[in-house]
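Text of the file my_file.cif, holding mmCIF, N, CA and C atoms:
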```
data_run
#
loop_
_atom_site.label_atom_id
_atom_site.label_comp_id
_atom_site.auth_asym_id
_atom_site.auth_seq_id
_atom_site.Cartn_x
_atom_site.Cartn_y
_atom_site.Cartn_z
N MET N 1 3.46 26.09 5.27
CA MET N 1 3.88 24.72 5.35
C MET N 1 5.36 24.63 4.99
N ARG N 2 6.02 23.67 5.58
CA ARG N 2 7.46 23.51 5.36
C ARG N 2 7.75 23.02 3.95
N GLU N 3 8.98 23.20 3.53
CA GLU N 3 9.40 22.65 2.23
C GLU N 3 9.47 21.13 2.37
N LEU N 4 8.91 20.43 1.41
CA LEU N 4 8.82 18.98 1.49
C LEU N 4 10.12 18.32 1.05
N PRO N 5 10.50 17.22 1.71
CA PRO N 5 11.67 16.46 1.26
C PRO N 5 11.42 15.89 -0.13
N LYS N 6 12.50 15.56 -0.82
CA LYS N 6 12.37 15.07 -2.20
C LYS N 6 11.65 13.74 -2.30
N ASP N 7 11.64 12.95 -1.21
CA ASP N 7 10.98 11.64 -1.28
C ASP N 7 9.48 11.71 -1.04
N ILE N 8 8.94 12.91 -0.76
CA ILE N 8 7.51 13.09 -0.57
C ILE N 8 6.86 13.24 -1.94
N ASP N 9 5.84 12.48 -2.18
CA ASP N 9 5.12 12.49 -3.44
C ASP N 9 4.12 13.66 -3.46
N ALA N 10 4.25 14.55 -4.42
CA ALA N 10 3.36 15.71 -4.51
C ALA N 10 1.90 15.29 -4.67
N ASP N 11 1.66 14.16 -5.33
CA ASP N 11 0.29 13.68 -5.49
C ASP N 11 -0.34 13.33 -4.15
N VAL N 12 0.47 12.84 -3.21
CA VAL N 12 -0.03 12.53 -1.87
C VAL N 12 -0.44 13.81 -1.17
N VAL N 13 0.40 14.83 -1.25
CA VAL N 13 0.09 16.12 -0.62
C VAL N 13 -1.18 16.72 -1.20
N ILE N 14 -1.34 16.65 -2.50
CA ILE N 14 -2.53 17.19 -3.16
C ILE N 14 -3.77 16.42 -2.72
N GLU N 15 -3.67 15.09 -2.64
CA GLU N 15 -4.82 14.28 -2.23
C GLU N 15 -5.19 14.55 -0.77
N ILE N 16 -4.20 14.66 0.09
CA ILE N 16 -4.48 14.98 1.50
C ILE N 16 -5.18 16.34 1.58
N SER N 17 -4.68 17.30 0.84
CA SER N 17 -5.28 18.63 0.85
C SER N 17 -6.74 18.57 0.40
N ARG N 18 -6.99 17.81 -0.65
CA ARG N 18 -8.36 17.68 -1.16
C ARG N 18 -9.26 17.02 -0.11
N LEU N 19 -8.79 15.97 0.51
CA LEU N 19 -9.58 15.27 1.52
C LEU N 19 -9.82 16.14 2.76
N LEU N 20 -8.82 16.91 3.15
CA LEU N 20 -9.00 17.81 4.29
C LEU N 20 -9.97 18.94 3.97
N ASP N 21 -9.94 19.41 2.73
CA ASP N 21 -10.90 20.44 2.33
C ASP N 21 -12.33 19.91 2.42
N ASP N 22 -12.49 18.61 2.19
CA ASP N 22 -13.79 17.97 2.29
C ASP N 22 -14.08 17.47 3.70
N SER N 23 -13.19 17.75 4.64
CA SER N 23 -13.32 17.18 5.98
C SER N 23 -14.47 17.76 6.79
N ALA N 24 -15.17 18.73 6.25
CA ALA N 24 -16.35 19.24 6.96
C ALA N 24 -17.36 18.12 7.18
N LEU N 25 -17.24 17.05 6.39
CA LEU N 25 -18.12 15.90 6.55
C LEU N 25 -17.72 15.03 7.73
N PHE N 26 -16.50 15.19 8.19
CA PHE N 26 -15.97 14.33 9.25
C PHE N 26 -15.50 15.19 10.42
N VAL N 27 -16.01 14.87 11.61
CA VAL N 27 -15.55 15.58 12.80
C VAL N 27 -15.25 14.55 13.85
N PRO N 28 -14.08 14.46 14.35
CA PRO N 28 -12.85 15.08 13.86
C PRO N 28 -12.26 14.30 12.68
N VAL N 29 -11.17 14.82 12.14
CA VAL N 29 -10.47 14.13 11.05
C VAL N 29 -9.86 12.86 11.64
N ARG N 30 -10.17 11.73 11.06
CA ARG N 30 -9.63 10.44 11.52
C ARG N 30 -8.35 10.16 10.75
N VAL N 31 -7.23 10.29 11.43
CA VAL N 31 -5.92 10.23 10.78
C VAL N 31 -5.69 8.89 10.10
N HIS N 32 -5.94 7.79 10.79
CA HIS N 32 -5.67 6.48 10.19
C HIS N 32 -6.62 6.22 9.01
N GLU N 33 -7.88 6.57 9.17
CA GLU N 33 -8.85 6.38 8.09
C GLU N 33 -8.48 7.21 6.87
N LEU N 34 -8.05 8.44 7.09
CA LEU N 34 -7.65 9.31 5.98
C LEU N 34 -6.42 8.75 5.27
N THR N 35 -5.50 8.16 6.04
CA THR N 35 -4.32 7.52 5.44
C THR N 35 -4.75 6.40 4.50
N ALA N 36 -5.70 5.60 4.93
CA ALA N 36 -6.20 4.51 4.08
C ALA N 36 -6.85 5.05 2.82
N ARG N 37 -7.58 6.15 2.95
CA ARG N 37 -8.24 6.74 1.78
C ARG N 37 -7.21 7.30 0.80
N VAL N 38 -6.13 7.90 1.32
CA VAL N 38 -5.06 8.40 0.45
C VAL N 38 -4.45 7.23 -0.30
N ARG N 39 -4.20 6.13 0.39
CA ARG N 39 -3.62 4.93 -0.24
C ARG N 39 -4.50 4.39 -1.36
N GLN N 40 -5.82 4.49 -1.20
CA GLN N 40 -6.74 4.01 -2.23
C GLN N 40 -6.69 4.87 -3.48
N LYS N 41 -6.43 6.15 -3.30
CA LYS N 41 -6.48 7.10 -4.42
C LYS N 41 -5.14 7.28 -5.12
N VAL N 42 -4.02 7.16 -4.38
CA VAL N 42 -2.71 7.51 -4.92
C VAL N 42 -1.73 6.34 -4.75
N LYS N 43 -1.04 6.00 -5.81
CA LYS N 43 0.04 5.01 -5.73
C LYS N 43 1.28 5.72 -5.20
N THR N 44 1.82 5.23 -4.09
CA THR N 44 3.01 5.86 -3.51
C THR N 44 3.82 4.83 -2.75
N GLY N 45 5.10 5.09 -2.66
CA GLY N 45 6.00 4.24 -1.89
C GLY N 45 6.17 4.72 -0.46
N LEU N 46 5.48 5.80 -0.11
CA LEU N 46 5.60 6.34 1.25
C LEU N 46 4.99 5.38 2.27
N PRO N 47 5.65 5.23 3.42
CA PRO N 47 5.05 4.41 4.47
C PRO N 47 3.87 5.14 5.10
N ASP N 48 2.98 4.39 5.73
CA ASP N 48 1.80 4.99 6.38
C ASP N 48 2.20 6.09 7.36
N ARG N 49 3.27 5.86 8.11
CA ARG N 49 3.69 6.85 9.11
C ARG N 49 3.98 8.21 8.46
N SER N 50 4.63 8.22 7.31
CA SER N 50 4.93 9.49 6.61
C SER N 50 3.64 10.17 6.16
N ILE N 51 2.71 9.38 5.66
CA ILE N 51 1.42 9.95 5.23
C ILE N 51 0.68 10.51 6.44
N GLU N 52 0.69 9.77 7.55
CA GLU N 52 0.03 10.24 8.76
C GLU N 52 0.66 11.54 9.27
N GLU N 53 1.98 11.64 9.22
CA GLU N 53 2.66 12.87 9.64
C GLU N 53 2.24 14.05 8.77
N LEU N 54 2.13 13.82 7.47
CA LEU N 54 1.67 14.89 6.57
C LEU N 54 0.23 15.29 6.90
N ILE N 55 -0.62 14.32 7.16
CA ILE N 55 -2.02 14.62 7.50
C ILE N 55 -2.08 15.45 8.77
N VAL N 56 -1.32 15.05 9.79
CA VAL N 56 -1.32 15.79 11.06
C VAL N 56 -0.83 17.21 10.85
N GLU N 57 0.25 17.36 10.11
CA GLU N 57 0.79 18.69 9.88
C GLU N 57 -0.20 19.57 9.10
N MET N 58 -0.78 19.02 8.05
CA MET N 58 -1.70 19.79 7.22
C MET N 58 -3.01 20.09 7.95
N ALA N 59 -3.50 19.14 8.74
CA ALA N 59 -4.73 19.36 9.52
C ALA N 59 -4.47 20.40 10.62
N SER N 60 -3.29 20.36 11.21
CA SER N 60 -2.94 21.33 12.25
C SER N 60 -2.93 22.75 11.70
N LEU N 61 -2.38 22.91 10.51
CA LEU N 61 -2.35 24.23 9.89
C LEU N 61 -3.76 24.76 9.61
N ARG N 62 -4.70 23.84 9.37
CA ARG N 62 -6.09 24.22 9.13
C ARG N 62 -6.89 24.30 10.44
N ARG N 63 -6.22 24.01 11.55
CA ARG N 63 -6.84 24.01 12.88
C ARG N 63 -8.03 23.06 12.97
N LEU N 64 -7.85 21.89 12.36
CA LEU N 64 -8.90 20.87 12.39
C LEU N 64 -8.66 19.92 13.57
N ALA N 65 -9.74 19.51 14.20
CA ALA N 65 -9.64 18.50 15.25
C ALA N 65 -9.28 17.16 14.62
N MET N 66 -8.50 16.36 15.33
CA MET N 66 -8.06 15.07 14.80
C MET N 66 -8.34 13.97 15.80
N ALA N 67 -8.57 12.77 15.28
CA ALA N 67 -8.72 11.58 16.10
C ALA N 67 -7.63 10.60 15.68
N PHE N 68 -6.95 10.06 16.67
CA PHE N 68 -5.89 9.10 16.41
C PHE N 68 -6.39 7.73 16.84
N GLU N 69 -7.26 7.16 16.01
CA GLU N 69 -7.87 5.87 16.32
C GLU N 69 -6.86 4.75 16.11
N LEU N 70 -7.11 3.64 16.76
CA LEU N 70 -6.21 2.50 16.67
C LEU N 70 -6.67 1.57 15.55
N PRO N 71 -5.84 1.35 14.54
CA PRO N 71 -6.24 0.48 13.43
C PRO N 71 -6.35 -0.97 13.88
N GLY N 72 -7.41 -1.64 13.44
CA GLY N 72 -7.57 -3.05 13.71
C GLY N 72 -8.06 -3.39 15.10
N LEU N 73 -8.21 -2.40 15.94
CA LEU N 73 -8.70 -2.63 17.29
C LEU N 73 -10.02 -1.90 17.48
N GLU N 74 -10.82 -2.41 18.37
CA GLU N 74 -12.07 -1.72 18.65
C GLU N 74 -11.76 -0.48 19.49
N ASN N 75 -12.19 0.66 19.02
CA ASN N 75 -11.94 1.90 19.75
C ASN N 75 -12.94 2.03 20.90
N VAL N 76 -12.51 2.70 21.92
CA VAL N 76 -13.32 2.83 23.12
C VAL N 76 -14.54 3.71 22.88
N VAL N 77 -14.36 4.79 22.13
CA VAL N 77 -15.44 5.75 21.91
C VAL N 77 -15.77 5.78 20.43
N GLU N 78 -17.02 5.64 20.10
CA GLU N 78 -17.48 5.76 18.71
C GLU N 78 -17.54 7.23 18.35
N ILE N 79 -16.93 7.61 17.25
CA ILE N 79 -16.92 9.00 16.81
C ILE N 79 -17.95 9.16 15.70
N PRO N 80 -19.04 9.87 15.96
CA PRO N 80 -20.09 9.99 14.94
C PRO N 80 -19.67 10.95 13.82
N LEU N 81 -20.20 10.70 12.64
CA LEU N 81 -20.01 11.64 11.53
C LEU N 81 -20.91 12.84 11.77
N ARG N 82 -20.44 14.00 11.34
CA ARG N 82 -21.26 15.20 11.45
C ARG N 82 -22.42 15.09 10.48
N LEU N 83 -23.57 15.43 10.92
CA LEU N 83 -24.74 15.40 10.04
C LEU N 83 -24.78 16.67 9.21
N LEU N 84 -25.05 16.52 7.94
CA LEU N 84 -25.19 17.68 7.08
C LEU N 84 -26.57 18.28 7.29
N ARG N 85 -26.62 19.56 7.36
CA ARG N 85 -27.91 20.23 7.56
C ARG N 85 -28.19 21.18 6.45
#
```

Represent the structure contained in this file as structure tokens.
Amino acid sequence: MRELPKDIDADVVIEISRLLDDSALFVPVRVHELTARVRQKVKTGLPDRSIEELIVEMASLRRLAMAFELPGLENVVEIPLRLLR
């Protein structure tokens, strides 16, 4: 992973990493939803776009599938959660 700019909050990176490690519950990783979950857990001044970029970069390094759903709009395709077996 690249060296982070000074304005990136390390707590955000740690929380994204933790959520991605738990992403086996979600297929694919929902970028906007994950951004909202990071916001609930960590106080940060970062804009959503910066958090989303970090999620995409970190998920890409883990070779995780991602969904770029539209916030506030009805999505065309419902993405089911993976069932635990």

Study note, to complete from the structure: From CA of Arg63 in chain N to CA of Gly45 in chain N the spacing works out at 27.8 Å

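Atom to atom, atom N of Met58 in chain N and atom C of Glu15 in chain N stand 10.8 Å apart.
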
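Against the coordinates shown, the PyMOL selection byres (((chain N and resi 46 and name CA) around 8) and name CA) returns Asp7, Ile8, Asp9, Thr44, Gly45, Pro47, Asp48, Ser50 and Ile51 of chain N.
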
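From atom C of Leu34 in chain N back to CA of Ala65 in chain N, the distance works out to 14.3 Å.
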
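Distance annotation: of N:Ala36, N:Val27, N:Val42, N:Ala67, the residue with the minimal separation from Asp11 in chain N is N:Val42; atom set is only C-alpha atoms.
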
Practice item. Pick out the residues sitting within 10 Å of Leu19 in chain N, and hand them over as a ChimeraX atom specification; count only C-alpha atoms, and ignore anything fewer than 2 positions along from it in its own chain. Key: /N:13-17,21-25,29,34,37-38,55

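Distances to Thr35 in chain N were evaluated for N:Arg18, N:Ser60, N:Glu52, N:Phe68 using only N, CA and C atoms, and the minimum falls at N:Glu52.
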
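Inside range 15-50 of chain N, the residues DSSP reads as helix (DSSP H, G or I) when given the backbone are N:Glu15, N:Ile16, N:Ser17, N:Arg18, N:Leu19, N:Leu20, N:Asp21, N:Ser23, N:Ala24, N:Leu25, N:Val31, N:His32, N:Glu33, N:Leu34, N:Thr35, N:Ala36, N:Arg37, N:Val38, N:Arg39, N:Gln40, N:Lys41, N:Asp48, N:Arg49, N:Ser50.
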
If you keep N, CA and C atoms, can you produce a file of those selected residues as a PDB file, in the frame of the given file?
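Done, and the output landed in again.pdb:
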```pdb
ATOM      1  N   GLU N  15      -3.670  15.090  -2.640  1.00  0.00           N
ATOM      2  CA  GLU N  15      -4.820  14.280  -2.230  1.00  0.00           C
ATOM      3  C   GLU N  15      -5.190  14.550  -0.770  1.00  0.00           C
ATOM      4  N   ILE N  16      -4.200  14.660   0.090  1.00  0.00           N
ATOM      5  CA  ILE N  16      -4.480  14.980   1.500  1.00  0.00           C
ATOM      6  C   ILE N  16      -5.180  16.340   1.580  1.00  0.00           C
ATOM      7  N   SER N  17      -4.680  17.300   0.840  1.00  0.00           N
ATOM      8  CA  SER N  17      -5.280  18.630   0.850  1.00  0.00           C
ATOM      9  C   SER N  17      -6.740  18.570   0.400  1.00  0.00           C
ATOM     10  N   ARG N  18      -6.990  17.810  -0.650  1.00  0.00           N
ATOM     11  CA  ARG N  18      -8.360  17.680  -1.160  1.00  0.00           C
ATOM     12  C   ARG N  18      -9.260  17.020  -0.110  1.00  0.00           C
ATOM     13  N   LEU N  19      -8.790  15.970   0.510  1.00  0.00           N
ATOM     14  CA  LEU N  19      -9.580  15.270   1.520  1.00  0.00           C
ATOM     15  C   LEU N  19      -9.820  16.140   2.760  1.00  0.00           C
ATOM     16  N   LEU N  20      -8.820  16.910   3.150  1.00  0.00           N
ATOM     17  CA  LEU N  20      -9.000  17.810   4.290  1.00  0.00           C
ATOM     18  C   LEU N  20      -9.970  18.940   3.970  1.00  0.00           C
ATOM     19  N   ASP N  21      -9.940  19.410   2.730  1.00  0.00           N
ATOM     20  CA  ASP N  21     -10.900  20.440   2.330  1.00  0.00           C
ATOM     21  C   ASP N  21     -12.330  19.910   2.420  1.00  0.00           C
ATOM     22  N   SER N  23     -13.190  17.750   4.640  1.00  0.00           N
ATOM     23  CA  SER N  23     -13.320  17.180   5.980  1.00  0.00           C
ATOM     24  C   SER N  23     -14.470  17.760   6.790  1.00  0.00           C
ATOM     25  N   ALA N  24     -15.170  18.730   6.250  1.00  0.00           N
ATOM     26  CA  ALA N  24     -16.350  19.240   6.960  1.00  0.00           C
ATOM     27  C   ALA N  24     -17.360  18.120   7.180  1.00  0.00           C
ATOM     28  N   LEU N  25     -17.240  17.050   6.390  1.00  0.00           N
ATOM     29  CA  LEU N  25     -18.120  15.900   6.550  1.00  0.00           C
ATOM     30  C   LEU N  25     -17.720  15.030   7.730  1.00  0.00           C
ATOM     31  N   VAL N  31      -7.230  10.290  11.430  1.00  0.00           N
ATOM     32  CA  VAL N  31      -5.920  10.230  10.780  1.00  0.00           C
ATOM     33  C   VAL N  31      -5.690   8.890  10.100  1.00  0.00           C
ATOM     34  N   HIS N  32      -5.940   7.790  10.790  1.00  0.00           N
ATOM     35  CA  HIS N  32      -5.670   6.480  10.190  1.00  0.00           C
ATOM     36  C   HIS N  32      -6.620   6.220   9.010  1.00  0.00           C
ATOM     37  N   GLU N  33      -7.880   6.570   9.170  1.00  0.00           N
ATOM     38  CA  GLU N  33      -8.850   6.380   8.090  1.00  0.00           C
ATOM     39  C   GLU N  33      -8.480   7.210   6.870  1.00  0.00           C
ATOM     40  N   LEU N  34      -8.050   8.440   7.090  1.00  0.00           N
ATOM     41  CA  LEU N  34      -7.650   9.310   5.980  1.00  0.00           C
ATOM     42  C   LEU N  34      -6.420   8.750   5.270  1.00  0.00           C
ATOM     43  N   THR N  35      -5.500   8.160   6.040  1.00  0.00           N
ATOM     44  CA  THR N  35      -4.320   7.520   5.440  1.00  0.00           C
ATOM     45  C   THR N  35      -4.750   6.400   4.500  1.00  0.00           C
ATOM     46  N   ALA N  36      -5.700   5.600   4.930  1.00  0.00           N
ATOM     47  CA  ALA N  36      -6.200   4.510   4.080  1.00  0.00           C
ATOM     48  C   ALA N  36      -6.850   5.050   2.820  1.00  0.00           C
ATOM     49  N   ARG N  37      -7.580   6.150   2.950  1.00  0.00           N
ATOM     50  CA  ARG N  37      -8.240   6.740   1.780  1.00  0.00           C
ATOM     51  C   ARG N  37      -7.210   7.300   0.800  1.00  0.00           C
ATOM     52  N   VAL N  38      -6.130   7.900   1.320  1.00  0.00           N
ATOM     53  CA  VAL N  38      -5.060   8.400   0.450  1.00  0.00           C
ATOM     54  C   VAL N  38      -4.450   7.230  -0.300  1.00  0.00           C
ATOM     55  N   ARG N  39      -4.200   6.130   0.390  1.00  0.00           N
ATOM     56  CA  ARG N  39      -3.620   4.930  -0.240  1.00  0.00           C
ATOM     57  C   ARG N  39      -4.500   4.390  -1.360  1.00  0.00           C
ATOM     58  N   GLN N  40      -5.820   4.490  -1.200  1.00  0.00           N
ATOM     59  CA  GLN N  40      -6.740   4.010  -2.230  1.00  0.00           C
ATOM     60  C   GLN N  40      -6.690   4.870  -3.480  1.00  0.00           C
ATOM     61  N   LYS N  41      -6.430   6.150  -3.300  1.00  0.00           N
ATOM     62  CA  LYS N  41      -6.480   7.100  -4.420  1.00  0.00           C
ATOM     63  C   LYS N  41      -5.140   7.280  -5.120  1.00  0.00           C
ATOM     64  N   ASP N  48       2.980   4.390   5.730  1.00  0.00           N
ATOM     65  CA  ASP N  48       1.800   4.990   6.380  1.00  0.00           C
ATOM     66  C   ASP N  48       2.200   6.090   7.360  1.00  0.00           C
ATOM     67  N   ARG N  49       3.270   5.860   8.110  1.00  0.00           N
ATOM     68  CA  ARG N  49       3.690   6.850   9.110  1.00  0.00           C
ATOM     69  C   ARG N  49       3.980   8.210   8.460  1.00  0.00           C
ATOM     70  N   SER N  50       4.630   8.220   7.310  1.00  0.00           N
ATOM     71  CA  SER N  50       4.930   9.490   6.610  1.00  0.00           C
ATOM     72  C   SER N  50       3.640  10.170   6.160  1.00  0.00           C
TER      73      SER N  50
END
```

Around range 23-42 of chain N, with edges along x, y and z and 8 Å added on all six sides, what centre and edge lengths do you get, in Å to one decimal, as lines of an AutoDock Vina configuration file?
```
center_x = -9.9
center_y = 11.6
center_z = 4.6
size_x = 32.4
size_y = 31.2
size_z = 35.5
```

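Nearest to Met66 in chain N of all the residues N:Arg49, N:Leu20, N:Val12, N:Val31 is N:Val31, counting only C-alpha atoms.
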